[in-house]
Amino acid sequence: MRVAGFLFLSSGWLIVVAAVVLLKSAALAGFVLTGLVVQMLGLTLVVRTHVLPHGDKR
Amino acid sequence: MLLILLIPLAAAGIALINTGLGRSRNAAHMMLTSLCAMGVAAIVYFAVGFSWQGYLGTAAHVLMIAGKPLDWIATAPFFLRGMPLDGSRASLIALFGMFSVALVAILPLGSGADRWKLSSACISSAILAGFTYPLFAHWAWNGWLAQLGTNYGIGQGFLDSGGAASIQVLGGLTALAVTWVLGPRRGKYTPDRMPLAIPGHQGVYVLFGCFLAWIGWIGLDGAGTILFTSAGSGTVVLVAINATLGALAAALAAAVVTRARYGKPDASLCANGWIAGLVASSAGCAYFRPLAALIIGFIAGALVTYSVEMLELHFTIDDPGGTISVHAVGGIWGILAAGWFTTLPVEENAAAAVARGLTQASQWIAQVAAVATLLGFVLPFSYGIYRLLTRIRPMRVRAEGERKGLDLEELGAGAYPDFMSHNDDLLQR
């Protein structure tokens, strides 16, 4: 899941880059927001996989 | 030139804050690591970093996508070869970069405090100065992000005159990667995942660090504005007012929030708020009015108090210096806020931008693209490289070394040999 999270982060970025390079106006904003949502999903996954499990004594 | 010479004060302030917020048994180690990390960063940047960052007008590799150029890396000579070091714009950018990269290098130390080996921190600085910082700084100040306006018609391109993205968020996200790879300090969490308080050992260092950082930030924001925008030297007045108001509002907001939530203002969170205000006001310091800086700073200060608690309590991220909340969260807020609060058009390429229908929304998209780049490139890259490094050679000190303190473990002598320890230094964990 951790690797998937980081892949989501990078994929979201690539969506944003593709949008700003290739699209215009309304479609651009939509794709940029989609890229951000994908990144938020990725960040959530990465954060969750780093939370200490119960019983971990450090 | 004078403004650039103030930047090391920001680094000194951050080093003091990181030291004060750590344990007393690691104080000398933290200061020495800061010096070593800055040294490694500056040397690597001089050797290769600047050649990949470049400056406006230098040769660069360009990808052609849909008939439009995407400028992704500069190709200036290594070791500053052939550059006249005579006060020219290019030489000042090289000096600014050398000081900035030293500042970036010490930001993650606050997160890795009390458990990060000196040698590993130096390797981290080399990676930051040799690759991550130069590449992103190139994108933000003269590469594809800066050219979003001229090449793709998006706002006036990414606006970041004070380095909120290239310096602060980049350092903050690197700190997040470091924290994840190192794990929390021993004894920080109980088996049922409750965090225990490990208070900083020297509040005076922390608060004095804030004063130094304030002066350094005015230099950082002012020099960045003059070097990377078309603004004249008179803009420095606006920049200094914005930086000051941002810091003051943020510290007051942190004081109010902690007073309301805990009954008394929390000194370390107020210090974090102060720096978060400076960070958040950096991105648009040359573009928005002082009232906007006040609002941005106030929100940054309040945000940082909640962020510190959330990271520690819910995400089990042990960040002794508060670096992630201050520099990553505060910086991202500042970058997005610059898109909302900037009075458009800014001077640079104003006529062309207005002619193609410049809007606040399109400017905000340019700012969002930069945030997406930081999250999608800097964080995965830093995390991957530190994971790899710690497999080759553990970045974290051994458990016994962490218990007795890094001063004794790695340096052989403590920072305060004449004073009795009054906290948990001698307890076996």
# chains A, B, ... in the order shown; residues from 1 in each chain; ligands from 1
$ select_by_dssp --residues "chain A" --states "helix (DSSP H, G or I)" --output "PyMOL selection string"
chain A and resi 2-22+25-50
$ closest_atom_pairs --of "chain B" --to "chain A" --cutoff "8 Å" --atoms "only C-alpha atoms" --output "JSON lines"
{"residue": "B:Ile65", "atom": "CA", "partner": "A:Val21", "partner_atom": "CA", "distance": 7.4}
{"residue": "B:Ala66", "atom": "CA", "partner": "A:Leu22", "partner_atom": "CA", "distance": 7.0}
{"residue": "B:Lys68", "atom": "CA", "partner": "A:Val21", "partner_atom": "CA", "distance": 8.0}
{"residue": "B:Leu148", "atom": "CA", "partner": "A:Val20", "partner_atom": "CA", "distance": 7.9}
{"residue": "B:Tyr152", "atom": "CA", "partner": "A:Val21", "partner_atom": "CA", "distance": 6.5}
{"residue": "B:Ile154", "atom": "CA", "partner": "A:Val20", "partner_atom": "CA", "distance": 7.7}
{"residue": "B:Trp180", "atom": "CA", "partner": "A:His50", "partner_atom": "CA", "distance": 6.8}
{"residue": "B:Pro184", "atom": "CA", "partner": "A:Arg58", "partner_atom": "CA", "distance": 7.2}
{"residue": "B:Arg185", "atom": "CA", "partner": "A:Arg58", "partner_atom": "CA", "distance": 7.0}
{"residue": "B:Arg186", "atom": "CA", "partner": "A:Arg58", "partner_atom": "CA", "distance": 4.7}
{"residue": "B:Gly187", "atom": "CA", "partner": "A:Arg58", "partner_atom": "CA", "distance": 5.4}
{"residue": "B:Lys188", "atom": "CA", "partner": "A:Arg58", "partner_atom": "CA", "distance": 6.7}
{"residue": "B:Tyr189", "atom": "CA", "partner": "A:Arg58", "partner_atom": "CA", "distance": 6.1}
{"residue": "B:Thr190", "atom": "CA", "partner": "A:Lys57", "partner_atom": "CA", "distance": 6.1}
{"residue": "B:Pro191", "atom": "CA", "partner": "A:Gly55", "partner_atom": "CA", "distance": 4.3}
{"residue": "B:Asp192", "atom": "CA", "partner": "A:His54", "partner_atom": "CA", "distance": 5.3}
{"residue": "B:Arg193", "atom": "CA", "partner": "A:His54", "partner_atom": "CA", "distance": 6.0}
{"residue": "B:His314", "atom": "CA", "partner": "A:Val51", "partner_atom": "CA", "distance": 7.9}
{"residue": "B:Phe315", "atom": "CA", "partner": "A:Val51", "partner_atom": "CA", "distance": 5.3}
{"residue": "B:Thr316", "atom": "CA", "partner": "A:Val51", "partner_atom": "CA", "distance": 5.5}
{"residue": "B:Ile317", "atom": "CA", "partner": "A:Val51", "partner_atom": "CA", "distance": 7.6}
{"residue": "B:Ile365", "atom": "CA", "partner": "A:Ala29", "partner_atom": "CA", "distance": 7.2}
{"residue": "B:Val368", "atom": "CA", "partner": "A:Val32", "partner_atom": "CA", "distance": 7.9}
{"residue": "B:Ala369", "atom": "CA", "partner": "A:Val16", "partner_atom": "CA", "distance": 6.3}
{"residue": "B:Ala372", "atom": "CA", "partner": "A:Trp13", "partner_atom": "CA", "distance": 5.2}
{"residue": "B:Thr373", "atom": "CA", "partner": "A:Trp13", "partner_atom": "CA", "distance": 5.7}
{"residue": "B:Leu375", "atom": "CA", "partner": "A:Leu9", "partner_atom": "CA", "distance": 6.4}
{"residue": "B:Gly376", "atom": "CA", "partner": "A:Ser10", "partner_atom": "CA", "distance": 4.1}
{"residue": "B:Phe377", "atom": "CA", "partner": "A:Ser10", "partner_atom": "CA", "distance": 6.2}
{"residue": "B:Pro380", "atom": "CA", "partner": "A:Phe6", "partner_atom": "CA", "distance": 5.8}
$ atom_distance --atom1 "atom CA of B:Glu309" --atom2 "atom CA of A:Ala4"
26.7 Å
$ residues_around --residues "B:Ala328" --least-positions-apart "4" --cutoff "10 Å" --atoms "only C-alpha atoms" --output "JSON, numbers by chain"
{"B": [164, 165, 167, 168, 169, 170, 171, 172, 173, 174, 175, 176, 276, 279, 280, 322, 323, 324, 332, 333, 334, 374]}
$ residues_around --residues "B:Leu389" --least-positions-apart "5" --cutoff "9 Å" --atoms "only C-alpha atoms" --output "PyMOL selection string"
chain B and resi 120+123+384+394-395
$ atom_distance --atom1 "atom CA of B:Gly22" --atom2 "atom CA of B:Gly110"
8.0 Å
$ residues_around --residues "B:Val104" --least-positions-apart "2" --cutoff "12 Å" --atoms "only C-alpha atoms" --output "tab-separated table (two decimals) with N, CA and C atoms, in the first residue's frame"
chain	number	residue	atom	x	y	z
B	7	ILE	N	21.21	36.25	4.90
B	7	ILE	CA	20.59	34.92	4.87
B	7	ILE	C	21.20	33.94	5.89
B	8	PRO	N	22.53	33.94	6.09
B	8	PRO	CA	23.07	33.00	7.10
B	8	PRO	C	22.46	33.18	8.49
B	10	ALA	N	19.33	33.48	9.05
B	10	ALA	CA	18.16	32.59	9.06
B	10	ALA	C	18.60	31.17	9.40
B	11	ALA	N	19.72	30.76	8.81
B	11	ALA	CA	20.23	29.41	9.11
B	11	ALA	C	20.64	29.30	10.57
B	14	ILE	N	17.50	28.93	12.67
B	14	ILE	CA	16.91	27.58	12.57
B	14	ILE	C	17.76	26.58	13.36
B	15	ALA	N	19.08	26.72	13.27
B	15	ALA	CA	19.96	25.80	14.02
B	15	ALA	C	19.73	25.94	15.53
B	34	SER	N	24.55	20.78	12.14
B	34	SER	CA	24.09	21.92	11.32
B	34	SER	C	25.26	22.51	10.54
B	37	ALA	N	26.39	19.94	7.87
B	37	ALA	CA	25.40	19.83	6.79
B	37	ALA	C	25.47	21.06	5.88
B	38	MET	N	25.61	22.24	6.49
B	38	MET	CA	25.71	23.46	5.67
B	38	MET	C	26.97	23.44	4.82
B	39	GLY	N	28.06	22.96	5.42
B	39	GLY	CA	29.33	22.89	4.69
B	39	GLY	C	29.24	21.95	3.49
B	40	VAL	N	28.71	20.77	3.72
B	40	VAL	CA	28.58	19.79	2.63
B	40	VAL	C	27.67	20.35	1.55
B	41	ALA	N	26.55	20.93	1.98
B	41	ALA	CA	25.58	21.46	1.01
B	41	ALA	C	26.21	22.54	0.14
B	42	ALA	N	26.93	23.47	0.77
B	42	ALA	CA	27.51	24.58	0.01
B	42	ALA	C	28.56	24.06	-0.98
B	45	TYR	N	26.81	22.17	-3.81
B	45	TYR	CA	26.11	23.14	-4.67
B	45	TYR	C	27.10	23.87	-5.57
B	97	GLY	N	22.12	31.20	-3.91
B	97	GLY	CA	21.86	29.76	-3.93
B	97	GLY	C	22.69	29.02	-2.90
B	98	MET	N	23.94	29.43	-2.75
B	98	MET	CA	24.83	28.76	-1.79
B	98	MET	C	24.32	28.93	-0.36
B	99	PHE	N	23.87	30.12	-0.02
B	99	PHE	CA	23.32	30.36	1.32
B	99	PHE	C	21.97	29.66	1.50
B	100	SER	N	21.17	29.70	0.44
B	100	SER	CA	19.83	29.09	0.54
B	100	SER	C	19.92	27.59	0.71
B	101	VAL	N	20.83	26.98	-0.03
B	101	VAL	CA	20.95	25.53	0.04
B	101	VAL	C	21.47	25.12	1.43
B	102	ALA	N	22.28	25.99	2.03
B	102	ALA	CA	22.74	25.70	3.40
B	102	ALA	C	21.55	25.73	4.36
B	106	ILE	N	19.68	22.31	6.63
B	106	ILE	CA	19.49	22.14	8.08
B	106	ILE	C	18.02	22.01	8.48
B	107	LEU	N	17.10	22.24	7.55
B	107	LEU	CA	15.69	22.12	7.92
B	107	LEU	C	15.33	20.70	8.38
B	108	PRO	N	15.74	19.64	7.64
B	108	PRO	CA	15.34	18.29	8.08
B	108	PRO	C	15.97	17.86	9.40
B	109	LEU	N	17.02	18.57	9.84
B	109	LEU	CA	17.68	18.17	11.09
B	109	LEU	C	16.72	18.30	12.28
B	110	GLY	N	15.81	19.25	12.20
B	110	GLY	CA	14.85	19.43	13.29
B	110	GLY	C	13.94	18.23	13.46
B	124	SER	N	22.57	13.29	3.37
B	124	SER	CA	21.28	13.88	3.01
B	124	SER	C	21.47	15.28	2.43
B	125	SER	N	22.36	16.06	3.06
B	125	SER	CA	22.62	17.43	2.58
B	125	SER	C	23.20	17.41	1.18
B	126	ALA	N	24.07	16.43	0.93
B	126	ALA	CA	24.69	16.34	-0.39
B	126	ALA	C	23.62	16.07	-1.46
B	127	ILE	N	22.68	15.19	-1.14
B	127	ILE	CA	21.61	14.88	-2.11
B	127	ILE	C	20.74	16.11	-2.35
B	128	LEU	N	20.39	16.78	-1.26
B	128	LEU	CA	19.57	17.99	-1.38
B	128	LEU	C	20.27	19.05	-2.23
B	129	ALA	N	21.54	19.28	-1.94
B	129	ALA	CA	22.26	20.36	-2.62
B	129	ALA	C	22.67	20.00	-4.02
B	130	GLY	N	22.87	18.69	-4.27
B	130	GLY	CA	23.34	18.28	-5.58
B	130	GLY	C	22.24	17.99	-6.56
B	132	THR	N	18.05	17.67	-5.53
B	132	THR	CA	16.66	18.08	-5.29
B	132	THR	C	16.50	19.60	-5.36
B	133	TYR	N	17.30	20.32	-4.56
B	133	TYR	CA	17.15	21.78	-4.53
B	133	TYR	C	17.44	22.43	-5.89
B	134	PRO	N	18.58	22.13	-6.53
B	134	PRO	CA	18.86	22.82	-7.80
B	134	PRO	C	17.79	22.57	-8.85
B	137	ALA	N	14.58	24.44	-7.75
B	137	ALA	CA	14.81	25.89	-7.82
B	137	ALA	C	14.85	26.35	-9.28
B	163	GLY	N	11.08	32.11	-2.03
B	163	GLY	CA	11.53	30.73	-1.89
B	163	GLY	C	10.70	29.86	-0.97
B	164	ALA	N	9.41	30.15	-0.84
B	164	ALA	CA	8.55	29.32	0.01
B	164	ALA	C	8.52	27.88	-0.49
B	165	ALA	N	8.54	27.70	-1.81
B	165	ALA	CA	8.51	26.34	-2.36
B	165	ALA	C	9.91	25.76	-2.43
B	166	SER	N	10.81	26.48	-3.13
B	166	SER	CA	12.14	25.92	-3.40
B	166	SER	C	12.96	25.71	-2.13
B	167	ILE	N	12.71	26.50	-1.11
B	167	ILE	CA	13.51	26.37	0.11
B	167	ILE	C	12.67	25.72	1.21
B	168	GLN	N	11.54	26.33	1.55
B	168	GLN	CA	10.83	25.91	2.77
B	168	GLN	C	10.08	24.59	2.59
B	169	VAL	N	9.20	24.51	1.59
B	169	VAL	CA	8.41	23.28	1.45
B	169	VAL	C	9.33	22.12	1.05
B	170	LEU	N	10.31	22.41	0.22
B	170	LEU	CA	11.25	21.35	-0.17
B	170	LEU	C	11.95	20.79	1.06
B	171	GLY	N	12.40	21.69	1.94
B	171	GLY	CA	13.05	21.23	3.18
B	171	GLY	C	12.07	20.52	4.09
B	172	GLY	N	10.84	21.03	4.15
B	172	GLY	CA	9.83	20.43	5.03
B	172	GLY	C	9.41	19.04	4.58
B	173	LEU	N	9.26	18.85	3.28
B	173	LEU	CA	8.88	17.52	2.77
B	173	LEU	C	10.05	16.54	2.90
B	174	THR	N	11.26	17.03	2.74
B	174	THR	CA	12.43	16.18	2.99
B	174	THR	C	12.44	15.75	4.45
B	175	ALA	N	12.10	16.67	5.33
B	175	ALA	CA	12.02	16.36	6.76
B	175	ALA	C	10.98	15.28	7.03
B	323	THR	N	9.37	20.88	12.17
B	323	THR	CA	9.77	21.31	10.82
B	323	THR	C	8.70	21.05	9.77
B	327	HIS	N	7.43	24.31	8.01
B	327	HIS	CA	7.97	24.58	6.67
B	327	HIS	C	7.14	23.95	5.55
B	328	ALA	N	6.64	22.72	5.76
B	328	ALA	CA	5.85	22.09	4.69
B	328	ALA	C	4.41	22.61	4.71
$ residues_around --residues "B:Val206" --least-positions-apart "2" --cutoff "9 Å" --atoms "only C-alpha atoms" --output "compact mmCIF listing (two decimals) with C-alpha atoms, in the first residue's frame"
# COMPACT_ATOMS: atom_id res chain seq x y z
CA GLY B 13 18.19 30.93 13.83
CA ILE B 14 16.91 27.58 12.57
CA LEU B 16 19.31 27.39 17.42
CA ILE B 17 15.62 26.47 17.28
CA ASN B 18 16.42 22.86 16.36
CA THR B 19 18.96 22.66 19.17
CA GLY B 20 16.69 24.19 21.78
CA LEU B 21 13.77 21.93 20.89
CA GLY B 200 12.85 20.96 24.39
CA GLN B 202 16.38 25.38 26.03
CA GLY B 203 13.51 27.76 25.41
CA VAL B 204 15.82 30.75 25.22
CA PHE B 208 16.42 33.89 20.27
CA GLY B 209 16.52 31.76 17.11
CA CYS B 210 13.26 33.40 16.09
CA ALA B 267 6.46 29.09 23.96
CA SER B 268 7.66 26.44 21.53
CA ALA B 271 8.15 30.05 18.09
